[in-house]
>>> print(open('coords-v6.cif').read())   # mmCIF, C-alpha atoms
data_input
loop_
_atom_site.label_atom_id
_atom_site.label_comp_id
_atom_site.auth_asym_id
_atom_site.auth_seq_id
_atom_site.Cartn_x
_atom_site.Cartn_y
_atom_site.Cartn_z
CA MET A 1 41.09 213.11 95.70
CA ASP A 2 44.25 214.07 97.55
CA ILE A 3 44.20 217.63 98.85
CA PRO A 4 47.82 218.63 99.64
CA ASP A 5 48.82 218.94 103.29
CA HIS A 6 49.89 222.55 102.86
CA VAL A 7 46.38 223.47 101.60
CA LEU A 8 44.76 221.79 104.61
CA GLY A 9 47.23 223.50 106.93
CA GLU A 10 46.48 226.92 105.46
CA ILE A 11 42.72 226.38 105.80
CA LYS A 12 43.13 225.41 109.45
CA ARG A 13 45.34 228.43 110.11
CA ARG A 14 42.74 230.77 108.65
CA VAL A 15 39.97 229.17 110.68
CA VAL A 16 42.01 229.56 113.86
CA ASP A 17 42.82 233.20 113.01
CA CYS A 18 39.26 234.11 111.99
CA ASN A 19 38.20 237.50 113.35
CA PHE A 20 34.61 236.69 114.30
CA PRO A 21 32.16 239.58 114.33
CA ARG A 22 30.90 240.89 117.64
CA THR A 23 28.09 238.77 119.05
CA GLY A 24 24.68 239.92 117.86
CA PRO A 25 21.20 238.61 118.61
CA THR A 26 21.13 234.91 119.43
CA GLY A 27 19.54 232.53 116.95
CA TRP A 28 19.31 232.55 113.15
CA ASP A 29 16.77 235.32 112.59
CA ILE A 30 19.10 237.78 110.88
CA GLY A 31 21.90 235.45 109.80
CA PRO A 32 23.98 232.52 111.02
CA ASP A 33 23.86 231.95 114.76
CA HIS A 34 27.11 233.24 116.27
CA ALA A 35 27.47 230.46 118.84
CA SER A 36 26.78 227.78 116.24
CA MET A 37 29.47 229.12 113.94
CA ARG A 38 31.93 229.27 116.85
CA ARG A 39 31.25 225.62 117.67
CA LEU A 40 31.64 224.65 114.04
CA ALA A 41 34.97 226.45 113.76
CA ASP A 42 36.23 224.82 116.94
CA TYR A 43 35.26 221.38 115.65
CA TRP A 44 36.81 222.18 112.27
CA CYS A 45 40.17 222.67 114.00
CA THR A 46 40.02 219.99 116.68
CA GLY A 47 37.69 217.17 115.66
CA TYR A 48 37.03 217.20 111.92
CA ASP A 49 39.03 214.63 109.92
CA TRP A 50 39.22 215.60 106.25
CA ARG A 51 41.40 212.61 105.40
CA ALA A 52 38.68 210.25 106.68
CA GLN A 53 36.15 211.99 104.44
CA GLU A 54 38.60 211.80 101.56
CA ARG A 55 38.97 208.04 102.03
CA ARG A 56 35.18 207.63 102.14
CA ILE A 57 34.69 209.56 98.90
CA ASN A 58 37.64 207.87 97.19
CA ARG A 59 35.87 204.51 97.50
CA PHE A 60 33.87 205.67 94.50
CA PRO A 61 35.61 205.63 91.11
CA GLN A 62 36.20 209.18 89.89
CA TYR A 63 37.46 210.60 86.62
CA ARG A 64 38.06 213.84 84.79
CA VAL A 65 37.68 214.41 81.07
CA ALA A 66 37.99 217.49 78.87
CA ILE A 67 34.60 218.56 77.48
CA PHE A 68 34.40 221.73 75.41
CA GLY A 69 37.97 222.47 76.55
CA ASP A 70 37.37 222.25 80.31
CA LEU A 71 37.95 219.30 82.64
CA LEU A 72 34.73 217.81 83.99
CA HIS A 73 34.91 215.65 87.14
CA TYR A 74 32.48 212.78 87.60
CA VAL A 75 31.77 209.61 89.53
CA HIS A 76 30.85 206.57 87.42
CA VAL A 77 29.77 203.34 89.08
CA GLN A 78 28.61 200.42 86.98
CA ALA A 79 26.08 197.94 88.34
CA PRO A 80 26.27 194.19 87.75
CA GLY A 81 23.55 193.27 85.30
CA SER A 82 22.42 196.82 84.53
CA ASN A 83 22.46 196.05 80.79
CA GLY A 84 23.36 199.61 79.92
CA LYS A 85 20.69 201.29 82.01
CA VAL A 86 22.06 204.43 83.60
CA LEU A 87 20.85 207.23 85.83
CA VAL A 88 22.64 210.58 85.81
CA ILE A 89 22.30 212.33 89.18
CA LEU A 90 22.88 216.08 89.24
CA HIS A 91 23.66 218.27 92.25
CA GLY A 92 22.95 221.95 92.85
CA TRP A 93 24.21 224.76 95.08
CA PRO A 94 25.37 224.96 97.88
CA TYR A 95 26.09 221.25 97.84
CA THR A 96 28.36 219.00 95.76
CA PHE A 97 28.62 215.60 94.12
CA ALA A 98 29.62 214.13 97.51
CA SER A 99 26.17 214.77 99.00
CA LEU A 100 24.67 212.31 96.51
CA LEU A 101 27.03 209.38 97.07
CA GLY A 102 24.69 207.80 99.63
CA LEU A 103 22.26 207.10 96.77
CA VAL A 104 24.75 204.99 94.83
CA ASP A 105 24.69 201.61 96.57
CA PRO A 106 20.87 201.30 96.70
CA LEU A 107 20.77 202.06 92.96
CA ILE A 108 23.56 199.73 91.83
CA HIS A 109 22.69 197.00 94.35
CA PRO A 110 18.94 197.27 95.05
CA GLU A 111 18.93 193.65 96.26
CA ARG A 112 20.97 194.75 99.29
CA HIS A 113 18.26 197.24 100.25
CA GLY A 114 15.08 195.22 99.91
CA GLY A 115 14.77 195.53 96.14
CA ASN A 116 15.42 193.36 93.11
CA ALA A 117 18.77 193.03 91.36
CA ARG A 118 17.10 193.36 87.97
CA ASP A 119 16.30 197.00 88.79
CA ALA A 120 19.97 197.97 89.10
CA VAL A 121 21.26 200.94 87.13
CA ASP A 122 24.68 202.39 86.49
CA VAL A 123 25.16 205.76 88.19
CA VAL A 124 26.93 208.87 86.90
CA ILE A 125 27.33 211.86 89.23
CA PRO A 126 29.14 214.80 87.63
CA SER A 127 30.51 217.83 89.42
CA LEU A 128 28.93 220.76 87.63
CA PRO A 129 31.31 223.09 85.77
CA GLY A 130 33.04 225.34 88.28
CA PHE A 131 32.25 223.07 91.25
CA ALA A 132 34.74 220.97 93.24
CA PHE A 133 37.11 219.23 90.80
CA SER A 134 35.42 220.41 87.59
CA GLU A 135 37.01 223.36 85.87
CA SER A 136 34.87 226.39 85.16
CA ALA A 137 34.27 227.73 81.70
CA GLN A 138 36.05 231.00 80.94
CA THR A 139 32.83 232.92 81.49
CA PRO A 140 29.73 231.99 83.52
CA ILE A 141 27.45 229.37 81.99
CA GLY A 142 23.99 228.42 83.16
CA PRO A 143 21.99 225.18 83.43
CA ARG A 144 21.14 225.04 79.74
CA ALA A 145 24.80 225.12 78.66
CA MET A 146 25.71 222.74 81.47
CA ALA A 147 23.15 220.29 80.09
CA ASP A 148 25.08 220.28 76.79
CA ARG A 149 28.23 219.22 78.64
CA ILE A 150 26.46 216.53 80.66
CA ASP A 151 24.87 215.05 77.55
CA THR A 152 28.28 214.97 75.85
CA LEU A 153 29.78 213.21 78.88
CA VAL A 154 27.11 210.51 79.03
CA THR A 155 26.71 209.81 75.32
CA GLU A 156 30.06 210.58 73.68
CA VAL A 157 32.52 209.90 76.50
CA LEU A 158 30.76 207.08 78.35
CA GLY A 159 28.97 205.74 75.28
CA TYR A 160 25.40 205.30 76.59
CA ASN A 161 22.78 205.21 73.85
CA SER A 162 20.11 206.56 76.21
CA TYR A 163 19.89 207.69 79.81
CA ARG A 164 17.61 209.04 82.51
CA ALA A 165 18.44 212.05 84.67
CA HIS A 166 17.58 213.02 88.24
CA GLY A 167 18.21 216.34 89.96
CA GLY A 168 17.19 218.95 92.49
CA ASP A 169 18.06 222.64 92.75
CA TRP A 170 20.22 223.50 89.69
CA GLY A 171 20.38 219.76 88.99
CA GLY A 172 16.61 219.79 88.50
CA TYR A 173 16.93 222.61 85.99
CA ILE A 174 19.76 220.84 84.14
CA ALA A 175 17.80 217.58 84.05
CA SER A 176 14.85 219.50 82.64
CA TRP A 177 16.96 221.02 79.88
CA LEU A 178 18.34 217.57 79.11
CA GLY A 179 14.79 216.31 78.69
CA TYR A 180 13.77 219.33 76.64
CA GLU A 181 16.71 219.54 74.21
CA HIS A 182 18.63 216.25 74.20
CA PRO A 183 16.85 213.26 72.60
CA ARG A 184 18.97 210.59 74.29
CA CYS A 185 17.75 211.74 77.69
CA VAL A 186 14.58 209.65 77.65
CA ALA A 187 13.09 210.58 81.05
CA VAL A 188 13.71 213.01 83.91
CA ASP A 189 13.12 212.83 87.65
CA LEU A 190 13.04 215.98 89.77
CA THR A 191 12.68 217.49 93.20
CA VAL A 192 12.82 221.03 91.76
CA SER A 193 11.31 221.89 88.38
CA LEU A 194 11.51 224.57 85.73
CA ARG A 195 8.50 226.72 85.07
CA ASN A 196 7.32 228.21 81.79
CA SER A 197 6.50 231.73 80.62
CA GLY A 198 10.03 233.11 80.78
CA LEU A 199 9.70 234.51 84.31
CA ARG A 200 12.88 234.45 86.31
CA THR A 201 13.36 232.41 89.46
CA GLY A 202 12.12 234.36 92.46
CA ILE A 203 9.08 235.64 90.59
CA VAL A 204 5.88 233.72 91.15
CA ASP A 205 4.49 232.20 87.97
CA PRO A 206 0.85 231.03 88.13
CA GLY A 207 1.30 228.72 85.16
CA VAL A 208 -0.23 228.33 81.72
CA GLY A 209 -3.72 229.65 80.96
CA GLU A 210 -6.25 231.46 83.10
CA ILE A 211 -5.57 231.93 86.80
CA SER A 212 -8.34 231.49 89.35
CA PRO A 213 -8.97 234.06 92.13
CA GLU A 214 -7.70 231.47 94.62
CA ASP A 215 -4.47 230.98 92.69
CA HIS A 216 -4.08 234.74 92.31
CA ALA A 217 -4.29 235.21 96.09
CA LYS A 218 -1.81 232.38 96.58
CA THR A 219 0.52 234.04 94.07
CA ILE A 220 0.44 237.40 95.85
CA GLU A 221 1.13 235.77 99.21
CA ALA A 222 4.01 233.72 97.84
CA GLN A 223 5.55 236.76 96.14
CA GLY A 224 6.13 238.46 99.49
CA THR A 225 7.92 235.41 100.82
CA LEU A 226 10.05 235.08 97.72
CA GLN A 227 11.20 238.69 97.77
CA ARG A 228 12.96 238.00 101.05
CA SER A 229 14.06 234.41 100.61
CA PHE A 230 15.49 235.00 97.12
CA ALA A 231 17.63 238.01 98.05
CA TYR A 232 20.68 235.73 97.87
CA PHE A 233 19.66 234.71 94.34
CA GLN A 234 19.62 238.29 93.08
CA GLN A 235 23.05 238.94 94.58
CA GLN A 236 24.59 235.75 93.21
CA GLY A 237 22.91 236.26 89.86
CA TYR A 238 24.02 239.83 89.24
CA ARG A 239 27.19 240.25 91.37
CA PRO A 240 28.63 236.78 92.10
CA THR A 241 32.22 238.01 92.21
CA THR A 242 31.38 240.21 95.20
CA ILE A 243 30.44 237.17 97.27
CA GLY A 244 33.32 235.22 95.76
CA TYR A 245 35.75 237.13 97.96
CA PHE A 246 34.43 235.12 100.90
CA SER A 247 36.76 232.43 99.56
CA ASP A 248 39.63 234.25 101.28
CA SER A 249 38.09 233.23 104.63
CA PRO A 250 37.07 229.60 105.19
CA VAL A 251 34.72 230.69 107.98
CA GLY A 252 33.25 233.39 105.74
CA ALA A 253 32.56 230.84 103.01
CA ALA A 254 31.18 228.40 105.58
CA GLN A 255 28.69 230.87 107.05
CA TRP A 256 27.38 231.80 103.59
CA ILE A 257 26.88 228.14 102.68
CA ILE A 258 25.60 226.84 106.02
CA ASP A 259 23.09 229.67 106.35
CA LYS A 260 21.31 228.18 103.31
CA TYR A 261 21.33 224.69 104.80
CA TYR A 262 19.60 226.15 107.85
CA LEU A 263 17.02 228.21 105.95
CA TRP A 264 16.14 225.59 103.36
CA SER A 265 15.85 222.50 105.58
CA ASP A 266 12.64 221.12 107.07
CA ARG A 267 13.04 221.97 110.76
CA ARG A 268 9.42 221.48 111.86
CA ILE A 269 10.15 218.25 113.73
CA ARG A 270 13.93 218.02 114.03
CA SER A 271 16.44 220.72 114.93
CA PHE A 272 19.13 221.79 112.51
CA GLU A 273 21.73 219.90 114.54
CA GLN A 274 19.59 216.74 114.38
CA ILE A 275 19.28 216.95 110.59
CA PHE A 276 22.90 217.64 109.65
CA SER A 277 26.10 216.51 111.30
CA MET A 278 29.05 218.88 111.45
CA ASP A 279 31.01 216.34 109.38
CA GLN A 280 28.43 216.56 106.59
CA LEU A 281 28.37 220.35 106.61
CA LEU A 282 32.13 220.76 106.78
CA THR A 283 32.75 218.24 104.00
CA GLU A 284 30.45 220.22 101.71
CA VAL A 285 32.24 223.44 102.70
CA MET A 286 35.67 221.86 102.22
CA LEU A 287 34.78 220.76 98.70
CA TYR A 288 34.34 224.44 97.87
CA VAL A 289 37.18 225.88 99.95
CA ALA A 290 39.91 223.26 99.44
CA THR A 291 39.30 223.12 95.67
CA ASP A 292 39.14 226.92 95.32
CA SER A 293 35.69 226.64 93.75
CA PHE A 294 33.62 228.75 96.14
CA ALA A 295 33.64 231.72 93.75
CA THR A 296 33.20 229.78 90.50
CA GLY A 297 30.40 227.71 92.02
CA LEU A 298 28.37 230.93 92.13
CA TRP A 299 28.76 231.61 88.42
CA VAL A 300 25.84 229.38 87.46
CA TYR A 301 23.51 232.10 88.75
CA GLU A 302 24.91 234.74 86.42
CA GLY A 303 25.06 232.20 83.60
CA ALA A 304 21.40 231.35 84.09
CA TYR A 305 20.40 234.99 83.73
CA GLU A 306 22.52 235.43 80.61
CA GLU A 307 21.08 232.39 78.84
CA ASP A 308 17.53 232.69 80.25
CA GLY A 309 18.02 229.21 81.66
CA ASN A 310 15.73 229.52 84.68
CA THR A 311 12.49 228.89 82.81
CA LEU A 312 11.30 227.27 79.61
CA PRO A 313 10.23 229.41 76.67
CA GLN A 314 6.67 230.69 76.68
CA GLY A 315 4.24 227.79 76.27
CA ALA A 316 6.99 225.14 75.98
CA ARG A 317 6.81 221.75 77.72
CA VAL A 318 9.29 219.02 78.59
CA GLU A 319 7.71 216.16 76.67
CA ARG A 320 9.89 213.45 78.17
CA PRO A 321 8.22 211.22 80.81
CA THR A 322 8.79 212.95 84.13
CA GLY A 323 8.83 211.83 87.75
CA PHE A 324 8.65 214.19 90.69
CA SER A 325 9.28 213.78 94.42
CA ALA A 326 7.54 216.54 96.36
CA PHE A 327 9.13 217.44 99.69
CA PRO A 328 8.06 220.33 101.97
CA ASP A 329 10.82 222.60 100.69
CA PRO A 330 10.94 226.01 102.44
CA LEU A 331 12.79 227.57 99.51
CA VAL A 332 10.87 226.19 96.54
CA PRO A 333 7.47 224.79 97.59
CA PRO A 334 6.72 221.89 95.25
CA PRO A 335 4.07 222.24 92.56
CA THR A 336 1.00 220.05 92.64
CA ARG A 337 0.81 217.31 90.05
CA ALA A 338 -1.74 219.36 88.10
CA GLU A 339 0.54 222.40 88.10
CA LEU A 340 3.53 220.31 87.05
CA GLN A 341 1.54 218.68 84.26
CA LYS A 342 1.27 222.07 82.55
CA VAL A 343 5.01 222.00 81.89
CA TYR A 344 5.99 218.29 82.00
CA ASP A 345 4.66 214.91 80.90
CA VAL A 346 4.18 213.66 84.45
CA VAL A 347 4.12 209.86 84.70
CA GLN A 348 4.97 209.52 88.41
CA TYR A 349 4.42 211.86 91.35
CA ALA A 350 5.26 211.10 94.98
CA GLN A 351 4.51 213.39 97.91
CA PHE A 352 6.36 213.10 101.22
CA ASP A 353 5.60 214.61 104.62
CA SER A 354 9.13 215.52 105.66
CA GLY A 355 12.39 216.57 104.06
CA GLY A 356 13.23 220.01 102.70
CA HIS A 357 15.53 221.22 99.95
CA PHE A 358 18.17 218.58 100.75
CA PRO A 359 16.25 215.27 100.76
CA PHE A 360 19.43 213.22 100.16
CA TYR A 361 20.42 214.26 103.70
CA GLU A 362 17.04 215.00 105.29
CA ASN A 363 14.97 212.02 104.11
CA PRO A 364 17.11 209.76 101.89
CA SER A 365 14.82 206.72 102.17
CA ALA A 366 11.91 208.74 100.78
CA LEU A 367 14.05 210.16 97.99
CA LEU A 368 15.18 206.67 97.03
CA GLN A 369 11.57 205.52 97.09
CA GLY A 370 10.62 208.28 94.67
CA ILE A 371 13.58 207.56 92.39
CA GLY A 372 12.79 203.84 92.50
CA GLU A 373 9.18 204.44 91.47
CA PHE A 374 10.36 206.66 88.63
CA LEU A 375 12.82 204.03 87.42
CA GLN A 376 10.09 201.38 87.50
CA VAL A 377 7.65 203.49 85.49
CA THR A 378 10.25 204.42 82.87
CA THR A 379 12.22 201.18 82.70
CA GLY A 380 11.05 200.30 79.19
CA LEU A 381 12.49 203.48 77.74
CA THR A 382 16.12 202.37 77.95
CA SER A 383 18.06 199.38 76.65
#
>>> encode(input="coords-v6.cif", output="structure tokens")
Amino acid sequence: MDIPDHVLGEIKRRVVDCNFPRTGPTGWDIGPDHASMRRLADYWCTGYDWRAQERRINRFPQYRVAIFGDLLHYVHVQAPGSNGKVLVILHGWPYTFASLLGLVDPLIHPERHGGNARDAVDVVIPSLPGFAFSESAQTPIGPRAMADRIDTLVTEVLGYNSYRAHGGDWGGYIASWLGYEHPRCVAVDLTVSLRNSGLRTGIVDPGVGEISPEDHAKTIEAQGTLQRSFAYFQQQGYRPTTIGYFSDSPVGAAQWIIDKYYLWSDRRIRSFEQIFSMDQLLTEVMLYVATDSFATGLWVYEGAYEEDGNTLPQGARVERPTGFSAFPDPLVPPPTRAELQKVYDVVQYAQFDSGGHFPFYENPSALLQGIGEFLQVTTGLTS
């Protein structure tokens, strides 16, 4: 990575010149907190060091390769003694490949983190099509089509005979499609799962078979919450280009992204400022703004609607061995093991008391524990 100086200068100029809206109610109740966004913009111009973040990320070997005609960016780190075992880690929105880099060293060098060297795995972290340094397809594609590209990367480009996949948010959907349709994906590990019955995301699905009165009441209650919390999903799914024009304003793009970090994080014990540093938030924003991928990163929502990639076909199951780490996610409350078993072959299930939609930032030790348990349970499935 080497973002040109003139791009960085133009971003800073636009942040400085941002015409902030008039101050409204304090707090986050109806949108991003005005004072918080002012502080972030000030830090962006006076304290944030993109070049330091660039150096940190560039410590990891990165590549780009043409797959189906479009360049796909990925990180590939090989572990000593992995013997061909590999874990593909998949990001979602509104984050990027960079958010997952903290998982790499514990996976390639578990002996440095209280584990055993024999459990080491190679790690592949792609940037999804249209995100960061990956080119977008000519038209929006969803998680099912993205899974085709990831499988091609891992098997045909990198030459792995088999692999396991981990993901949350869209990465959880893509991992699920890998397990459902691609035989060389031998196991999947998730923090967000697909559901069956063909219902779109944002519509409560009680699951396969009869629904109890208790589950019906739970479904009705959850539907009201989803109608409000998934408003962004409907907009990004049907009219992503409209929001894409936020890319003309770095602060506009930042508020759209950071609002989701606020809403979807577990803030019961820690404040938003205690969970995320401004460096973390701004690096995620910069990887959309500086790469001109804010608009194309939204396309996955439209692509998912077009391909029906949000849920499995009616009655279908992912028959690959599946692990799941359940965090108290305000956006997508995790299913119980029994509920998940209706759609997946669950071989490992871990439940944690803290950490929301972004466990790699909010509770990374717990996430690594869940991934480690999954790798242990499924270790015999790969070479």
>>> closest_atom_pairs(input="coords-v6.cif", of="stretch 84-189 of chain A", to="stretch 289-297 of chain A", cutoff="7 Å", atoms="all atoms listed in the file", output="JSON lines")
{"residue": "A:Gly130", "atom": "CA", "partner": "A:Thr296", "partner_atom": "CA", "distance": 5.0}
{"residue": "A:Phe131", "atom": "CA", "partner": "A:Gly297", "partner_atom": "CA", "distance": 5.1}
{"residue": "A:Ala132", "atom": "CA", "partner": "A:Thr291", "partner_atom": "CA", "distance": 5.6}
{"residue": "A:Phe133", "atom": "CA", "partner": "A:Thr291", "partner_atom": "CA", "distance": 6.6}
{"residue": "A:Ser136", "atom": "CA", "partner": "A:Thr296", "partner_atom": "CA", "distance": 6.5}
>>> resolve_selection(input="coords-v6.cif", expression="the PyMOL selection byres ((chain A and resi 374) around 9)", output="MDAnalysis selection string")
chainID A and resid 187:189 322:324 347:349 369:373 375:379
>>> write_last_selection(input="coords-v6.cif", atoms="C-alpha atoms", output="PDB file, in the coordinates of the input")
ATOM      1  CA  ALA A 187      13.090 210.580  81.050  1.00  0.00           C
ATOM      2  CA  VAL A 188      13.710 213.010  83.910  1.00  0.00           C
ATOM      3  CA  ASP A 189      13.120 212.830  87.650  1.00  0.00           C
ATOM      4  CA  THR A 322       8.790 212.950  84.130  1.00  0.00           C
ATOM      5  CA  GLY A 323       8.830 211.830  87.750  1.00  0.00           C
ATOM      6  CA  PHE A 324       8.650 214.190  90.690  1.00  0.00           C
ATOM      7  CA  VAL A 347       4.120 209.860  84.700  1.00  0.00           C
ATOM      8  CA  GLN A 348       4.970 209.520  88.410  1.00  0.00           C
ATOM      9  CA  TYR A 349       4.420 211.860  91.350  1.00  0.00           C
ATOM     10  CA  GLN A 369      11.570 205.520  97.090  1.00  0.00           C
ATOM     11  CA  GLY A 370      10.620 208.280  94.670  1.00  0.00           C
ATOM     12  CA  ILE A 371      13.580 207.560  92.390  1.00  0.00           C
ATOM     13  CA  GLY A 372      12.790 203.840  92.500  1.00  0.00           C
ATOM     14  CA  GLU A 373       9.180 204.440  91.470  1.00  0.00           C
ATOM     15  CA  LEU A 375      12.820 204.030  87.420  1.00  0.00           C
ATOM     16  CA  GLN A 376      10.090 201.380  87.500  1.00  0.00           C
ATOM     17  CA  VAL A 377       7.650 203.490  85.490  1.00  0.00           C
ATOM     18  CA  THR A 378      10.250 204.420  82.870  1.00  0.00           C
ATOM     19  CA  THR A 379      12.220 201.180  82.700  1.00  0.00           C
TER      20      THR A 379
END
>>> residues_around(input="coords-v6.cif", residues="A:Leu282", least_positions_apart="4", cutoff="10 Å", atoms="only C-alpha atoms", output="PyMOL selection string")
chain A and resi 40-41+43-44+48-50+53+254+257-258+277-278+286-289
>>> closest_residue(input="coords-v6.cif", among="A:Val157, A:Leu190, A:Ile30, A:Ile269", to="A:Trp177", atoms="only C-alpha atoms")
A:Leu190
>>> closest_residue(input="coords-v6.cif", among="A:Pro61, A:Pro110, A:Pro333, A:Gly355", to="A:Gly81", atoms="all atoms listed in the file")
A:Pro110
>>> residues_around(input="coords-v6.cif", residues="A:Leu368", least_positions_apart="3", cutoff="10 Å", atoms="all atoms listed in the file", output="PyMOL selection string")
chain A and resi 102-104+106-107+325+359-360+363-365+371-374
>>> residues_around(input="coords-v6.cif", residues="stretch 317-319 of chain A", least_positions_apart="3", cutoff="7 Å", atoms="only C-alpha atoms", output="ChimeraX atom specification")
/A:176,179-180,343-345
>>> resolve_selection(input="coords-v6.cif", expression="the PyMOL selection byres ((chain A and resi 159-164) around 9)", output="compact mmCIF listing (two decimals) with C-alpha atoms, keeping the file's coordinate frame")
# COMPACT_ATOMS: atom_id res chain seq x y z
CA GLY A 84 23.36 199.61 79.92
CA LYS A 85 20.69 201.29 82.01
CA VAL A 86 22.06 204.43 83.60
CA LEU A 87 20.85 207.23 85.83
CA VAL A 88 22.64 210.58 85.81
CA ILE A 89 22.30 212.33 89.18
CA LEU A 153 29.78 213.21 78.88
CA VAL A 154 27.11 210.51 79.03
CA THR A 155 26.71 209.81 75.32
CA GLU A 156 30.06 210.58 73.68
CA VAL A 157 32.52 209.90 76.50
CA LEU A 158 30.76 207.08 78.35
CA ALA A 165 18.44 212.05 84.67
CA HIS A 166 17.58 213.02 88.24
CA ALA A 175 17.80 217.58 84.05
CA GLY A 179 14.79 216.31 78.69
CA PRO A 183 16.85 213.26 72.60
CA ARG A 184 18.97 210.59 74.29
CA CYS A 185 17.75 211.74 77.69
CA VAL A 186 14.58 209.65 77.65
CA ALA A 187 13.09 210.58 81.05
CA VAL A 188 13.71 213.01 83.91
CA ASP A 189 13.12 212.83 87.65
CA LEU A 375 12.82 204.03 87.42
CA THR A 378 10.25 204.42 82.87
CA LEU A 381 12.49 203.48 77.74
CA THR A 382 16.12 202.37 77.95
CA SER A 383 18.06 199.38 76.65
>>> closest_residue(input="coords-v6.cif", among="A:Ile125, A:Val15, A:Ala304, A:Ala338", to="A:Tyr173", atoms="only C-alpha atoms")
A:Ala304
>>> atom_distance(input="coords-v6.cif", atom1="atom CA of A:His109", atom2="atom CA of A:Arg55")
21.1 Å
>>> axis_aligned_box(input="coords-v6.cif", around="stretch 368-379 of chain A", padding_each_side="3 Å", output="AutoDock Vina command-line options")
--center_x 11.4 --center_y 204.7 --center_z 89.9 --size_x 13.5 --size_y 13.1 --size_z 20.4
>>> closest_residue(input="coords-v6.cif", among="A:Phe358, A:Phe68, A:Phe20, A:Trp93", to="A:Asp266", atoms="only C-alpha atoms")
A:Phe358
>>> resolve_selection(input="coords-v6.cif", expression="the PyMOL selection byres ((chain A and resi 78) around 8)", output="MDAnalysis selection string")
chainID A and resid 76:77 79:80 82 108 121:123
>>> atom_distance(input="coords-v6.cif", atom1="atom CA of A:Glu273", atom2="atom CA of A:Arg39")
11.5 Å
>>> closest_residue(input="coords-v6.cif", among="A:Gln314, A:Ser247, A:Thr191, A:Gln236", to="A:His357", atoms="all atoms listed in the file")
A:Thr191
>>> residues_near_point(input="coords-v6.cif", point="(42.6, 224.4, 109.7)", cutoff="10 Å", atoms="all atoms listed in the file", output="list in words")
Val7, Leu8, Gly9, Glu10, Ile11, Lys12, Arg13, Arg14, Val15, Val16, Asp17, Ala41, Asp42, Tyr43, Trp44, Cys45, Thr46, Tyr48 and Pro250 of chain A
>>> build_atoms(input="coords-v6.cif", residues="stretch 307-321 of chain A", atoms="N, CA and C atoms", output="CSV table (one decimal), in the frame of the given file")
chain,number,residue,atom,x,y,z
A,307,GLU,N,21.6,233.3,79.8
A,307,GLU,CA,21.1,232.4,78.8
A,307,GLU,C,19.6,232.2,79.0
A,308,ASP,N,19.0,232.9,80.0
A,308,ASP,CA,17.5,232.7,80.2
A,308,ASP,C,17.2,231.2,80.6
A,309,GLY,N,18.1,230.6,81.4
A,309,GLY,CA,18.0,229.2,81.7
A,309,GLY,C,17.2,228.8,82.9
A,310,ASN,N,16.5,229.8,83.5
A,310,ASN,CA,15.7,229.5,84.7
A,310,ASN,C,14.3,229.0,84.4
A,311,THR,N,13.8,229.3,83.2
A,311,THR,CA,12.5,228.9,82.8
A,311,THR,C,12.5,228.5,81.3
A,312,LEU,N,11.5,227.7,81.0
A,312,LEU,CA,11.3,227.3,79.6
A,312,LEU,C,10.7,228.4,78.8
A,313,PRO,N,10.9,228.4,77.5
A,313,PRO,CA,10.2,229.4,76.7
A,313,PRO,C,8.7,229.4,76.9
A,314,GLN,N,8.1,230.5,76.5
A,314,GLN,CA,6.7,230.7,76.7
A,314,GLN,C,5.9,229.5,76.0
A,315,GLY,N,5.1,228.9,76.8
A,315,GLY,CA,4.2,227.8,76.3
A,315,GLY,C,4.9,226.5,76.0
A,316,ALA,N,6.3,226.4,76.3
A,316,ALA,CA,7.0,225.1,76.0
A,316,ALA,C,6.7,224.1,77.1
A,317,ARG,N,6.9,222.8,76.7
A,317,ARG,CA,6.8,221.8,77.7
A,317,ARG,C,8.0,220.8,77.6
A,318,VAL,N,8.4,220.1,78.6
A,318,VAL,CA,9.3,219.0,78.6
A,318,VAL,C,8.4,217.8,78.3
A,319,GLU,N,8.6,217.3,77.1
A,319,GLU,CA,7.7,216.2,76.7
A,319,GLU,C,8.2,214.8,77.1
A,320,ARG,N,9.4,214.7,77.7
A,320,ARG,CA,9.9,213.4,78.2
A,320,ARG,C,9.1,213.0,79.4
A,321,PRO,N,8.9,211.7,79.6
A,321,PRO,CA,8.2,211.2,80.8
A,321,PRO,C,9.0,211.7,82.0
